[in-house]
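Just target-v7.pdb here, PDB, C-alpha atoms:
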ATOM      1  CA  MET A   1     162.318  76.538  61.483
ATOM      2  CA  ILE A   2     160.228  75.224  64.382
ATOM      3  CA  ASP A   3     159.507  71.502  64.344
ATOM      4  CA  LYS A   4     155.829  70.753  64.437
ATOM      5  CA  GLN A   5     154.830  68.632  67.421
ATOM      6  CA  PRO A   6     153.184  65.326  66.451
ATOM      7  CA  GLU A   7     149.458  65.303  67.051
ATOM      8  CA  LEU A   8     148.334  63.216  69.996
ATOM      9  CA  ARG A   9     146.204  60.198  69.148
ATOM     10  CA  PRO A  10     142.722  60.104  70.721
ATOM     11  CA  ALA A  11     142.159  57.370  73.307
ATOM     12  CA  VAL A  12     139.315  55.988  75.372
ATOM     13  CA  VAL A  13     140.516  55.942  78.979
ATOM     14  CA  VAL A  14     138.672  53.459  81.178
ATOM     15  CA  VAL A  15     139.278  54.055  84.872
ATOM     16  CA  GLY A  16     138.402  50.822  86.656
ATOM     17  CA  GLY A  17     138.809  48.925  83.407
ATOM     18  CA  SER A  18     140.133  45.639  84.771
ATOM     19  CA  ARG A  19     136.734  44.123  85.531
ATOM     20  CA  GLY A  20     132.956  44.455  85.466
ATOM     21  CA  ILE A  21     131.134  47.096  83.479
ATOM     22  CA  GLY A  22     134.289  49.132  82.834
ATOM     23  CA  ARG A  23     135.984  46.166  81.204
ATOM     24  CA  ALA A  24     132.859  45.506  79.117
ATOM     25  CA  ILE A  25     132.737  49.145  77.945
ATOM     26  CA  ALA A  26     136.417  48.904  76.979
ATOM     27  CA  ASN A  27     135.564  45.946  74.750
ATOM     28  CA  VAL A  28     132.692  47.823  73.101
ATOM     29  CA  ALA A  29     134.989  50.764  72.327
ATOM     30  CA  ALA A  30     137.653  48.376  71.064
ATOM     31  CA  GLY A  31     135.112  46.890  68.681
ATOM     32  CA  GLU A  32     135.035  50.291  66.974
ATOM     33  CA  GLY A  33     138.823  50.219  66.612
ATOM     34  CA  ALA A  34     139.543  52.598  69.495
ATOM     35  CA  ILE A  35     142.799  52.971  71.344
ATOM     36  CA  VAL A  36     141.892  51.943  74.897
ATOM     37  CA  VAL A  37     143.841  52.850  78.022
ATOM     38  CA  LEU A  38     142.939  50.590  80.937
ATOM     39  CA  VAL A  39     143.552  51.970  84.425
ATOM     40  CA  ALA A  40     143.222  49.989  87.668
ATOM     41  CA  ARG A  41     145.247  48.589  90.558
ATOM     42  CA  SER A  42     145.239  44.919  89.549
ATOM     43  CA  GLN A  43     148.029  44.152  87.098
ATOM     44  CA  GLU A  44     146.631  40.678  86.522
ATOM     45  CA  GLY A  45     143.164  42.060  85.798
ATOM     46  CA  LEU A  46     144.620  44.718  83.509
ATOM     47  CA  ALA A  47     146.555  42.116  81.508
ATOM     48  CA  ALA A  48     143.423  40.033  80.985
ATOM     49  CA  ALA A  49     141.351  43.092  80.042
ATOM     50  CA  ALA A  50     144.021  44.247  77.575
ATOM     51  CA  SER A  51     143.951  40.831  75.929
ATOM     52  CA  ASP A  52     140.172  41.187  75.493
ATOM     53  CA  VAL A  53     140.568  44.662  73.987
ATOM     54  CA  ARG A  54     143.089  43.441  71.415
ATOM     55  CA  ALA A  55     140.882  40.466  70.559
ATOM     56  CA  ALA A  56     137.988  42.883  69.971
ATOM     57  CA  GLY A  57     140.058  44.880  67.484
ATOM     58  CA  GLY A  58     141.409  47.735  69.588
ATOM     59  CA  GLU A  59     144.858  48.857  70.666
ATOM     60  CA  ALA A  60     145.457  48.490  74.403
ATOM     61  CA  PHE A  61     147.602  50.338  76.920
ATOM     62  CA  VAL A  62     147.611  49.518  80.627
ATOM     63  CA  LEU A  63     148.455  51.674  83.640
ATOM     64  CA  PRO A  64     148.509  50.101  87.105
ATOM     65  CA  LEU A  65     147.458  52.993  89.327
ATOM     66  CA  ASP A  66     146.098  53.555  92.824
ATOM     67  CA  LEU A  67     143.181  55.879  92.143
ATOM     68  CA  LEU A  68     143.196  57.068  95.744
ATOM     69  CA  ALA A  69     146.664  58.585  95.347
ATOM     70  CA  ALA A  70     146.593  62.378  95.446
ATOM     71  CA  ASP A  71     148.455  62.612  92.125
ATOM     72  CA  ALA A  72     146.524  59.872  90.305
ATOM     73  CA  SER A  73     145.103  62.136  87.575
ATOM     74  CA  THR A  74     148.490  63.791  87.003
ATOM     75  CA  ARG A  75     150.203  60.417  86.678
ATOM     76  CA  LEU A  76     147.581  59.329  84.179
ATOM     77  CA  GLN A  77     148.085  62.534  82.181
ATOM     78  CA  ASP A  78     151.858  61.956  82.149
ATOM     79  CA  PHE A  79     151.353  58.356  80.987
ATOM     80  CA  LEU A  80     149.138  59.484  78.131
ATOM     81  CA  ALA A  81     151.588  62.182  77.039
ATOM     82  CA  ALA A  82     154.513  59.757  77.153
ATOM     83  CA  ASN A  83     152.643  57.442  74.782
ATOM     84  CA  GLY A  84     151.496  60.193  72.417
ATOM     85  CA  LEU A  85     147.870  59.949  73.523
ATOM     86  CA  ALA A  86     145.091  62.359  74.510
ATOM     87  CA  CYS A  87     142.045  61.471  76.581
ATOM     88  CA  GLU A  88     139.209  61.720  74.058
ATOM     89  CA  VAL A  89     136.716  59.769  76.164
ATOM     90  CA  LEU A  90     136.953  59.215  79.904
ATOM     91  CA  VAL A  91     135.015  56.313  81.407
ATOM     92  CA  ASN A  92     134.800  56.501  85.201
ATOM     93  CA  SER A  93     133.736  53.024  86.313
ATOM     94  CA  ALA A  94     135.808  52.467  89.466
ATOM     95  CA  GLY A  95     133.917  52.203  92.730
ATOM     96  CA  TYR A  96     132.631  49.893  95.432
ATOM     97  CA  GLY A  97     129.771  49.492  97.872
ATOM     98  CA  LEU A  98     129.147  47.991 101.309
ATOM     99  CA  ARG A  99     125.909  46.726 102.785
ATOM    100  CA  GLY A 100     125.229  47.248 106.468
ATOM    101  CA  ALA A 101     124.214  49.952 108.913
ATOM    102  CA  ALA A 102     126.449  53.014 108.842
ATOM    103  CA  THR A 103     126.988  52.718 112.602
ATOM    104  CA  THR A 104     128.360  49.172 112.295
ATOM    105  CA  LEU A 105     130.492  49.321 109.135
ATOM    106  CA  PRO A 106     134.163  50.359 109.549
ATOM    107  CA  ILE A 107     134.518  54.123 109.209
ATOM    108  CA  ALA A 108     137.650  53.824 107.061
ATOM    109  CA  ASP A 109     135.859  51.589 104.563
ATOM    110  CA  GLN A 110     132.945  54.014 104.340
ATOM    111  CA  LEU A 111     135.239  56.986 103.822
ATOM    112  CA  GLY A 112     136.992  54.916 101.168
ATOM    113  CA  MET A 113     133.721  54.915  99.237
ATOM    114  CA  VAL A 114     133.680  58.706  99.363
ATOM    115  CA  ASP A 115     137.296  58.821  98.177
ATOM    116  CA  LEU A 116     136.860  56.395  95.271
ATOM    117  CA  ASN A 117     133.220  56.770  94.201
ATOM    118  CA  ILE A 118     133.177  60.564  94.520
ATOM    119  CA  ARG A 119     136.582  62.227  94.931
ATOM    120  CA  ALA A 120     138.535  60.131  92.412
ATOM    121  CA  LEU A 121     135.749  60.353  89.836
ATOM    122  CA  THR A 122     135.529  64.116  90.315
ATOM    123  CA  ASP A 123     139.297  64.545  90.105
ATOM    124  CA  MET A 124     139.550  62.591  86.841
ATOM    125  CA  THR A 125     136.580  64.394  85.324
ATOM    126  CA  LEU A 126     137.776  67.889  86.224
ATOM    127  CA  HIS A 127     141.303  67.069  85.079
ATOM    128  CA  PHE A 128     140.427  65.852  81.578
ATOM    129  CA  LEU A 129     137.134  67.600  80.730
ATOM    130  CA  PRO A 130     138.708  71.032  79.999
ATOM    131  CA  GLY A 131     140.949  69.503  77.317
ATOM    132  CA  MET A 132     137.943  67.901  75.659
ATOM    133  CA  VAL A 133     136.103  71.231  75.653
ATOM    134  CA  ALA A 134     139.153  72.965  74.172
ATOM    135  CA  ARG A 135     139.277  70.377  71.364
ATOM    136  CA  GLY A 136     135.506  70.464  70.910
ATOM    137  CA  ARG A 137     134.988  66.706  70.972
ATOM    138  CA  GLY A 138     134.865  63.643  73.214
ATOM    139  CA  GLY A 139     133.307  63.362  76.618
ATOM    140  CA  VAL A 140     132.884  61.606  79.934
ATOM    141  CA  LEU A 141     130.863  58.492  80.722
ATOM    142  CA  ASN A 142     130.275  58.090  84.460
ATOM    143  CA  LEU A 143     129.004  54.901  86.053
ATOM    144  CA  GLY A 144     126.102  55.643  88.355
ATOM    145  CA  SER A 145     123.306  53.350  89.516
ATOM    146  CA  ILE A 146     119.555  53.324  90.040
ATOM    147  CA  ALA A 147     120.662  53.576  93.690
ATOM    148  CA  GLY A 148     121.273  57.241  92.888
ATOM    149  CA  PHE A 149     117.531  57.901  92.650
ATOM    150  CA  THR A 150     116.798  57.411  96.361
ATOM    151  CA  PRO A 151     118.352  57.258  99.828
ATOM    152  CA  GLY A 152     119.325  53.691 100.721
ATOM    153  CA  PRO A 153     119.329  52.653 104.382
ATOM    154  CA  ASN A 154     121.829  49.844 105.055
ATOM    155  CA  MET A 155     123.861  51.005 102.052
ATOM    156  CA  ALA A 156     123.668  54.682 102.939
ATOM    157  CA  LEU A 157     127.024  55.871 101.637
ATOM    158  CA  TYR A 158     126.887  53.845  98.438
ATOM    159  CA  TYR A 159     123.467  55.243  97.504
ATOM    160  CA  ALA A 160     124.600  58.750  98.418
ATOM    161  CA  SER A 161     127.743  58.425  96.309
ATOM    162  CA  LYS A 162     125.714  57.359  93.268
ATOM    163  CA  ALA A 163     123.307  60.260  93.820
ATOM    164  CA  PHE A 164     126.357  62.525  93.626
ATOM    165  CA  VAL A 165     127.524  60.882  90.396
ATOM    166  CA  ARG A 166     124.132  61.352  88.797
ATOM    167  CA  SER A 167     123.746  64.987  89.924
ATOM    168  CA  PHE A 168     127.317  65.923  89.005
ATOM    169  CA  SER A 169     127.089  64.280  85.578
ATOM    170  CA  GLU A 170     123.739  65.807  84.664
ATOM    171  CA  ALA A 171     124.909  69.287  85.661
ATOM    172  CA  LEU A 172     128.106  68.964  83.622
ATOM    173  CA  HIS A 173     126.106  67.659  80.665
ATOM    174  CA  GLN A 174     124.223  70.960  80.630
ATOM    175  CA  GLU A 175     127.341  73.068  81.143
ATOM    176  CA  VAL A 176     129.131  71.605  78.101
ATOM    177  CA  ALA A 177     126.015  71.157  75.946
ATOM    178  CA  SER A 178     127.136  73.609  73.247
ATOM    179  CA  THR A 179     130.799  72.610  73.115
ATOM    180  CA  GLY A 180     130.676  69.344  71.164
ATOM    181  CA  VAL A 181     131.445  67.409  74.356
ATOM    182  CA  THR A 182     129.077  64.980  76.095
ATOM    183  CA  VAL A 183     128.828  63.996  79.757
ATOM    184  CA  THR A 184     126.643  60.953  80.327
ATOM    185  CA  CYS A 185     125.646  59.062  83.462
ATOM    186  CA  VAL A 186     124.710  55.397  83.036
ATOM    187  CA  ALA A 187     122.501  54.183  85.899
ATOM    188  CA  PRO A 188     121.976  50.418  85.742
ATOM    189  CA  GLY A 189     120.137  48.229  88.194
ATOM    190  CA  PRO A 190     121.787  45.080  89.583
ATOM    191  CA  VAL A 191     124.381  43.681  87.180
ATOM    192  CA  SER A 192     125.843  40.182  87.205
ATOM    193  CA  THR A 193     129.350  41.165  88.338
ATOM    194  CA  GLU A 194     131.413  40.491  91.450
ATOM    195  CA  PHE A 195     130.094  43.741  92.959
ATOM    196  CA  LEU A 196     127.023  41.991  94.387
ATOM    197  CA  GLU A 197     129.140  39.456  96.261
ATOM    198  CA  LYS A 198     131.917  41.804  97.388
ATOM    199  CA  SER A 199     129.514  44.470  98.661
ATOM    200  CA  GLY A 200     127.263  41.959 100.389
ATOM    201  CA  ALA A 201     124.309  43.393  98.465
ATOM    202  CA  GLY A 202     123.597  40.105  96.729
ATOM    203  CA  ARG A 203     122.461  38.587 100.032
ATOM    204  CA  ALA A 204     119.799  41.261 100.631
ATOM    205  CA  ALA A 205     116.184  40.683  99.630
ATOM    206  CA  LEU A 206     116.093  43.796  97.436
ATOM    207  CA  PHE A 207     118.820  42.528  95.138
ATOM    208  CA  LYS A 208     117.297  39.066  95.002
ATOM    209  CA  ILE A 209     113.989  40.538  93.834
ATOM    210  CA  LEU A 210     115.363  42.796  91.097
ATOM    211  CA  PRO A 211     116.334  41.196  87.752
ATOM    212  CA  LYS A 212     120.061  41.184  87.012
ATOM    213  CA  LEU A 213     121.476  42.391  83.718
ATOM    214  CA  GLY A 214     124.659  41.234  82.004
ATOM    215  CA  SER A 215     127.618  43.610  81.963
ATOM    216  CA  ASP A 216     127.891  43.335  78.162
ATOM    217  CA  TYR A 217     124.276  44.458  77.762
ATOM    218  CA  VAL A 218     124.805  47.422  80.105
ATOM    219  CA  ALA A 219     128.045  48.369  78.345
ATOM    220  CA  GLU A 220     126.422  48.343  74.900
ATOM    221  CA  ARG A 221     123.532  50.538  76.074
ATOM    222  CA  ALA A 222     125.864  52.877  77.947
ATOM    223  CA  TRP A 223     128.192  53.350  74.982
ATOM    224  CA  ARG A 224     125.338  53.792  72.520
ATOM    225  CA  GLY A 225     123.687  56.388  74.781
ATOM    226  CA  PHE A 226     126.935  58.264  75.267
ATOM    227  CA  LYS A 227     127.692  58.339  71.543
ATOM    228  CA  SER A 228     124.221  59.715  70.862
ATOM    229  CA  GLY A 229     124.773  62.533  73.377
ATOM    230  CA  ARG A 230     122.336  61.435  76.057
ATOM    231  CA  ARG A 231     122.392  62.921  79.540
ATOM    232  CA  LEU A 232     121.226  59.797  81.378
ATOM    233  CA  VAL A 233     121.074  56.139  80.345
ATOM    234  CA  VAL A 234     119.074  53.625  82.400
ATOM    235  CA  PRO A 235     119.574  50.220  80.734
ATOM    236  CA  GLY A 236     116.725  47.705  80.855
ATOM    237  CA  LEU A 237     112.984  48.004  81.344
ATOM    238  CA  SER A 238     113.050  46.831  84.964
ATOM    239  CA  ALA A 239     115.675  49.449  85.910
ATOM    240  CA  LYS A 240     113.650  52.181  84.197
ATOM    241  CA  LEU A 241     110.599  51.126  86.195
ATOM    242  CA  VAL A 242     112.533  51.106  89.473
ATOM    243  CA  ALA A 243     114.025  54.536  88.723
ATOM    244  CA  PHE A 244     110.559  55.920  87.969
ATOM    245  CA  VAL A 245     109.046  54.486  91.148
ATOM    246  CA  ALA A 246     112.009  55.638  93.252
ATOM    247  CA  SER A 247     111.648  59.155  91.856
ATOM    248  CA  SER A 248     107.880  59.217  92.371
ATOM    249  CA  LEU A 249     107.247  57.638  95.767
ATOM    250  CA  PRO A 250     107.373  59.846  98.875
ATOM    251  CA  SER A 251     110.446  59.266 101.028
ATOM    252  CA  ALA A 252     108.205  58.374 103.978
ATOM    253  CA  ILE A 253     107.166  55.253 102.065
ATOM    254  CA  LYS A 254     110.185  54.234  99.996
ATOM    255  CA  VAL A 255     113.033  54.804 102.463
ATOM    256  CA  PRO A 256     111.706  52.481 105.244
ATOM    257  CA  LEU A 257     110.848  49.893 102.585
ATOM    258  CA  ILE A 258     114.353  49.957 101.098
ATOM    259  CA  GLY A 259     115.821  49.740 104.585
ATOM    260  CA  ARG A 260     113.858  46.576 105.353
ATOM    261  CA  LEU A 261     114.658  44.963 102.006
ATOM    262  CA  GLN A 262     118.380  45.602 102.464
ATOM    263  CA  ARG A 263     118.580  44.355 106.049
ATOM    264  CA  ARG A 264     119.152  40.733 107.007
ATOM    265  CA  SER A 265     118.257  39.170 110.341
ATOM    266  CA  GLY A 266     121.917  38.385 110.994
ATOM    267  CA  ASP A 267     123.096  41.988 110.556
ATOM    268  CA  LEU A 268     124.505  43.764 113.587
ATOM    269  CA  CYS A 269     121.993  46.074 115.220
ATOM    270  CA  PRO A 270     122.655  49.762 114.425
ATOM    271  CA  CYS A 271     122.116  50.683 118.094
ATOM    272  CA  GLY A 272     125.646  49.444 118.867
ATOM    273  CA  SER A 273     124.672  46.643 121.239
ATOM    274  CA  GLY A 274     126.840  44.124 119.406
ATOM    275  CA  LYS A 275     123.824  41.842 118.999
ATOM    276  CA  THR A 276     122.088  41.076 115.720
ATOM    277  CA  PHE A 277     119.163  43.226 114.726
ATOM    278  CA  LYS A 278     116.809  40.270 115.169
ATOM    279  CA  GLU A 279     118.084  39.640 118.710
ATOM    280  CA  CYS A 280     118.052  43.290 119.711
ATOM    281  CA  CYS A 281     115.888  46.094 118.324
ATOM    282  CA  GLY A 282     114.045  43.789 115.957
ATOM    283  CA  SER A 283     112.724  41.702 118.824
ATOM    284  CA  ARG A 284     111.872  44.818 120.857
ATOM    285  CA  ARG A 285     109.793  46.200 118.021
ATOM    286  CA  ALA A 286     108.035  42.887 117.660
ATOM    287  CA  ARG A 287     107.191  42.902 121.394
ATOM    288  CA  ARG A 288     105.975  46.521 121.206
ATOM    289  CA  GLY A 289     103.803  45.645 118.239
ATOM    290  CA  ALA A 290     102.250  42.732 120.150
ATOM    291  CA  ALA A 291     101.637  44.773 123.280
TER     292      ALA A 291
END

Would you write the structure of this file as structure tokens?
Amino acid sequence: MIDKQPELRPAVVVVGGSRGIGRAIANVAAGEGAIVVLVARSQEGLAAAASDVRAAGGEAFVLPLDLLAADASTRLQDFLAANGLACEVLVNSAGYGLRGAATTLPIADQLGMVDLNIRALTDMTLHFLPGMVARGRGGVLNLGSIAGFTPGPNMALYYASKAFVRSFSEALHQEVASTGVTVTCVAPGPVSTEFLEKSGAGRAALFKILPKLGSDYVAERAWRGFKSGRRLVVPGLSAKLVAFVASSLPSAIKVPLIGRLQRRSGDLCPCGSGKTFKECCGSRRARRGAA
């Protein structure tokens, strides 16, 4: 007689779950009694997030993992199997941004955005989505941004990475539409998390103008939209308005405007002179305009 293998328990896997919106989404899922697997590099952050999940009513597992490792998705799969779990819902919320001209920011840091915001998200999605389709349930919730609706001078790679997330997610949503599986992209505007400070975006005029949402609010809207099978969730009226304007305005108008709003007078000039923009090309343009 062949012993029947025990059925794996469904889990919500939150990649980048130690802080910010990912941590908030983990708490929302925990409030529904979910088993939550928190994945991130910071063991301290993971411990705190796991405590929140348990307080919200969920069961928590933690996996300290470098998402940039080539075998990250395989190691996550092995961890789940070892604990009798299956990835029912994958939340891809890990990522970072940098403000500054592409010619002045360190190349390695910019390529790191490609590796984390795009490659790691794609790897995790492609690794776990087939199992969801085979089971006919679950799905993927990817963290995008309203930045994904337009090019963004002085945060060029970040905006481009979020455009990828949005495009990739919406295409997959259509591909799996008849399988019982959902792929959703949540595209918030500025959120009151440490991202604004770490990226330097919080010091730019654009991010001072736009209203900031709380991570709990964004998480609730994201989770609700995902559970209802939506393709795209843009939380908040102001973010919806920005997304509409960004999608409607010609690039010849919006791209220079975004560039100006995301540049500060103390930023290094993109021409490579080593001077600030105000001291270098900014002053030249001012002189040409006065001539």

Pull the neighbourhood of (129.3, 55.6, 97.8) for me: all residues within 9 Å in file coordinates, counting only C-alpha atoms, as a ChimeraX atom specification. /A:95-98,110-118,155-164

Could you name the residues that touch Glu7 in chain A at 12 Å or less, counting all atoms listed in the file, but leaving out those on the same chain fewer than 5 positions away, as a ChimeraX atom specification? /A:81,83-86

Within 9 Å of range 216-225 of chain A, counting all atoms listed in the file, which residues show up once you throw out same-chain ones fewer than 5 positions away? Write them as a PDB file with C-alpha atoms, in the frame of the given file, please.
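What follows is the written file part.pdb:
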ATOM      1  CA  GLY A  20     132.956  44.455  85.466  1.00  0.00           C
ATOM      2  CA  ILE A  21     131.134  47.096  83.479  1.00  0.00           C
ATOM      3  CA  GLY A  22     134.289  49.132  82.834  1.00  0.00           C
ATOM      4  CA  ARG A  23     135.984  46.166  81.204  1.00  0.00           C
ATOM      5  CA  ALA A  24     132.859  45.506  79.117  1.00  0.00           C
ATOM      6  CA  ILE A  25     132.737  49.145  77.945  1.00  0.00           C
ATOM      7  CA  ALA A  26     136.417  48.904  76.979  1.00  0.00           C
ATOM      8  CA  ASN A  27     135.564  45.946  74.750  1.00  0.00           C
ATOM      9  CA  VAL A  28     132.692  47.823  73.101  1.00  0.00           C
ATOM     10  CA  ALA A  29     134.989  50.764  72.327  1.00  0.00           C
ATOM     11  CA  LEU A 141     130.863  58.492  80.722  1.00  0.00           C
ATOM     12  CA  LEU A 143     129.004  54.901  86.053  1.00  0.00           C
ATOM     13  CA  THR A 184     126.643  60.953  80.327  1.00  0.00           C
ATOM     14  CA  CYS A 185     125.646  59.062  83.462  1.00  0.00           C
ATOM     15  CA  VAL A 186     124.710  55.397  83.036  1.00  0.00           C
ATOM     16  CA  ALA A 187     122.501  54.183  85.899  1.00  0.00           C
ATOM     17  CA  PRO A 188     121.976  50.418  85.742  1.00  0.00           C
ATOM     18  CA  VAL A 191     124.381  43.681  87.180  1.00  0.00           C
ATOM     19  CA  ARG A 230     122.336  61.435  76.057  1.00  0.00           C
ATOM     20  CA  ARG A 231     122.392  62.921  79.540  1.00  0.00           C
ATOM     21  CA  LEU A 232     121.226  59.797  81.378  1.00  0.00           C
ATOM     22  CA  VAL A 233     121.074  56.139  80.345  1.00  0.00           C
ATOM     23  CA  VAL A 234     119.074  53.625  82.400  1.00  0.00           C
ATOM     24  CA  PRO A 235     119.574  50.220  80.734  1.00  0.00           C
ATOM     25  CA  GLY A 236     116.725  47.705  80.855  1.00  0.00           C
TER      26      GLY A 236
END

Between CA of Leu237 in chain A and CA of Gly16 in chain A, what is the spacing in Å?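 So the answer is 26.1 Å.
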
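Between Arg19 in chain A and the candidates A:Glu170, A:Thr122, A:Ser215, A:Val62, the tightest atom-to-atom separation, counting only C-alpha atoms, involves A:Ser215.
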
Record the distance separating CA of Val255 in chain A and CA of Asn154 in chain A, expressed in Å with one decimal.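 Atom-to-atom, CA of Val255 in chain A to CA of Asn154 in chain A, that is 10.4 Å.
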
Please measure the separation of CA of Ala11 in chain A and CA of Ala82 in chain A, giving the value in Å to one decimal.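 CA of Ala82 in chain A lies at a distance of 13.2 Å from CA of Ala11 in chain A.
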
So which residues get picked by the PyMOL selection byres ((chain A and resi 53) around 10) here, written as a PyMOL selection string? chain A and resi 23-31+33-38+47-52+54-61

Could the residues in this selection be written to a file with C-alpha atoms, as an mmCIF file, in the coordinates of the input?
data_model
loop_
_atom_site.group_PDB
_atom_site.id
_atom_site.type_symbol
_atom_site.label_atom_id
_atom_site.label_comp_id
_atom_site.auth_asym_id
_atom_site.auth_seq_id
_atom_site.Cartn_x
_atom_site.Cartn_y
_atom_site.Cartn_z
ATOM 1 C CA ARG A 23 135.984 46.166 81.204
ATOM 2 C CA ALA A 24 132.859 45.506 79.117
ATOM 3 C CA ILE A 25 132.737 49.145 77.945
ATOM 4 C CA ALA A 26 136.417 48.904 76.979
ATOM 5 C CA ASN A 27 135.564 45.946 74.750
ATOM 6 C CA VAL A 28 132.692 47.823 73.101
ATOM 7 C CA ALA A 29 134.989 50.764 72.327
ATOM 8 C CA ALA A 30 137.653 48.376 71.064
ATOM 9 C CA GLY A 31 135.112 46.890 68.681
ATOM 10 C CA GLY A 33 138.823 50.219 66.612
ATOM 11 C CA ALA A 34 139.543 52.598 69.495
ATOM 12 C CA ILE A 35 142.799 52.971 71.344
ATOM 13 C CA VAL A 36 141.892 51.943 74.897
ATOM 14 C CA VAL A 37 143.841 52.850 78.022
ATOM 15 C CA LEU A 38 142.939 50.590 80.937
ATOM 16 C CA ALA A 47 146.555 42.116 81.508
ATOM 17 C CA ALA A 48 143.423 40.033 80.985
ATOM 18 C CA ALA A 49 141.351 43.092 80.042
ATOM 19 C CA ALA A 50 144.021 44.247 77.575
ATOM 20 C CA SER A 51 143.951 40.831 75.929
ATOM 21 C CA ASP A 52 140.172 41.187 75.493
ATOM 22 C CA ARG A 54 143.089 43.441 71.415
ATOM 23 C CA ALA A 55 140.882 40.466 70.559
ATOM 24 C CA ALA A 56 137.988 42.883 69.971
ATOM 25 C CA GLY A 57 140.058 44.880 67.484
ATOM 26 C CA GLY A 58 141.409 47.735 69.588
ATOM 27 C CA GLU A 59 144.858 48.857 70.666
ATOM 28 C CA ALA A 60 145.457 48.490 74.403
ATOM 29 C CA PHE A 61 147.602 50.338 76.920
#

Box centre and edge lengths (Å, one decimal), axis-aligned, range 146-157 of chain A plus 3 Å each side, as AutoDock Vina command-line options:
--center_x 121.9 --center_y 53.9 --center_z 97.5 --size_x 16.2 --size_y 14.1 --size_z 21.0

So, counting all atoms listed in the file, which residue among A:Leu261, A:Ala72, A:Gln77, A:Leu241 is closest to Ile146 in chain A? A:Leu241

Once the PyMOL selection byres ((chain A and resi 39) around 9) is applied to the coordinates I shared, what remains selected? I want it as a ChimeraX atom specification. /A:13-18,37-38,40-42,46,61-67,76

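Among the candidates A:Gly259, A:Pro6, A:Gly214, A:Gly148, the residue lying nearest to Phe244 in chain A is A:Gly148 (atoms considered: all atoms listed in the file).
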
Evaluate the PyMOL selection byres ((chain A and resi 258) around 10) on the structure here and hand back the selected residues as a PyMOL selection string. chain A and resi 150-155+205-206+246+253-257+259-263

Could you take the residues named above and write them with C-alpha atoms, as an mmCIF file, in the frame of the given file?
data_model
loop_
_atom_site.group_PDB
_atom_site.id
_atom_site.type_symbol
_atom_site.label_atom_id
_atom_site.label_comp_id
_atom_site.auth_asym_id
_atom_site.auth_seq_id
_atom_site.Cartn_x
_atom_site.Cartn_y
_atom_site.Cartn_z
ATOM 1 C CA THR A 150 116.798 57.411 96.361
ATOM 2 C CA PRO A 151 118.352 57.258 99.828
ATOM 3 C CA GLY A 152 119.325 53.691 100.721
ATOM 4 C CA PRO A 153 119.329 52.653 104.382
ATOM 5 C CA ASN A 154 121.829 49.844 105.055
ATOM 6 C CA MET A 155 123.861 51.005 102.052
ATOM 7 C CA ALA A 205 116.184 40.683 99.630
ATOM 8 C CA LEU A 206 116.093 43.796 97.436
ATOM 9 C CA ALA A 246 112.009 55.638 93.252
ATOM 10 C CA ILE A 253 107.166 55.253 102.065
ATOM 11 C CA LYS A 254 110.185 54.234 99.996
ATOM 12 C CA VAL A 255 113.033 54.804 102.463
ATOM 13 C CA PRO A 256 111.706 52.481 105.244
ATOM 14 C CA LEU A 257 110.848 49.893 102.585
ATOM 15 C CA GLY A 259 115.821 49.740 104.585
ATOM 16 C CA ARG A 260 113.858 46.576 105.353
ATOM 17 C CA LEU A 261 114.658 44.963 102.006
ATOM 18 C CA GLN A 262 118.380 45.602 102.464
ATOM 19 C CA ARG A 263 118.580 44.355 106.049
#

Across A:Thr125, A:Ser145, A:Ser178, A:Thr103, the smallest distance to Ser73 in chain A, with only C-alpha atoms counted, is shown by A:Thr125

Across A:Ser238, A:Ser169, A:Thr74, A:Asn92, the smallest distance to His127 in chain A, with all atoms listed in the file counted, is shown by A:Thr74
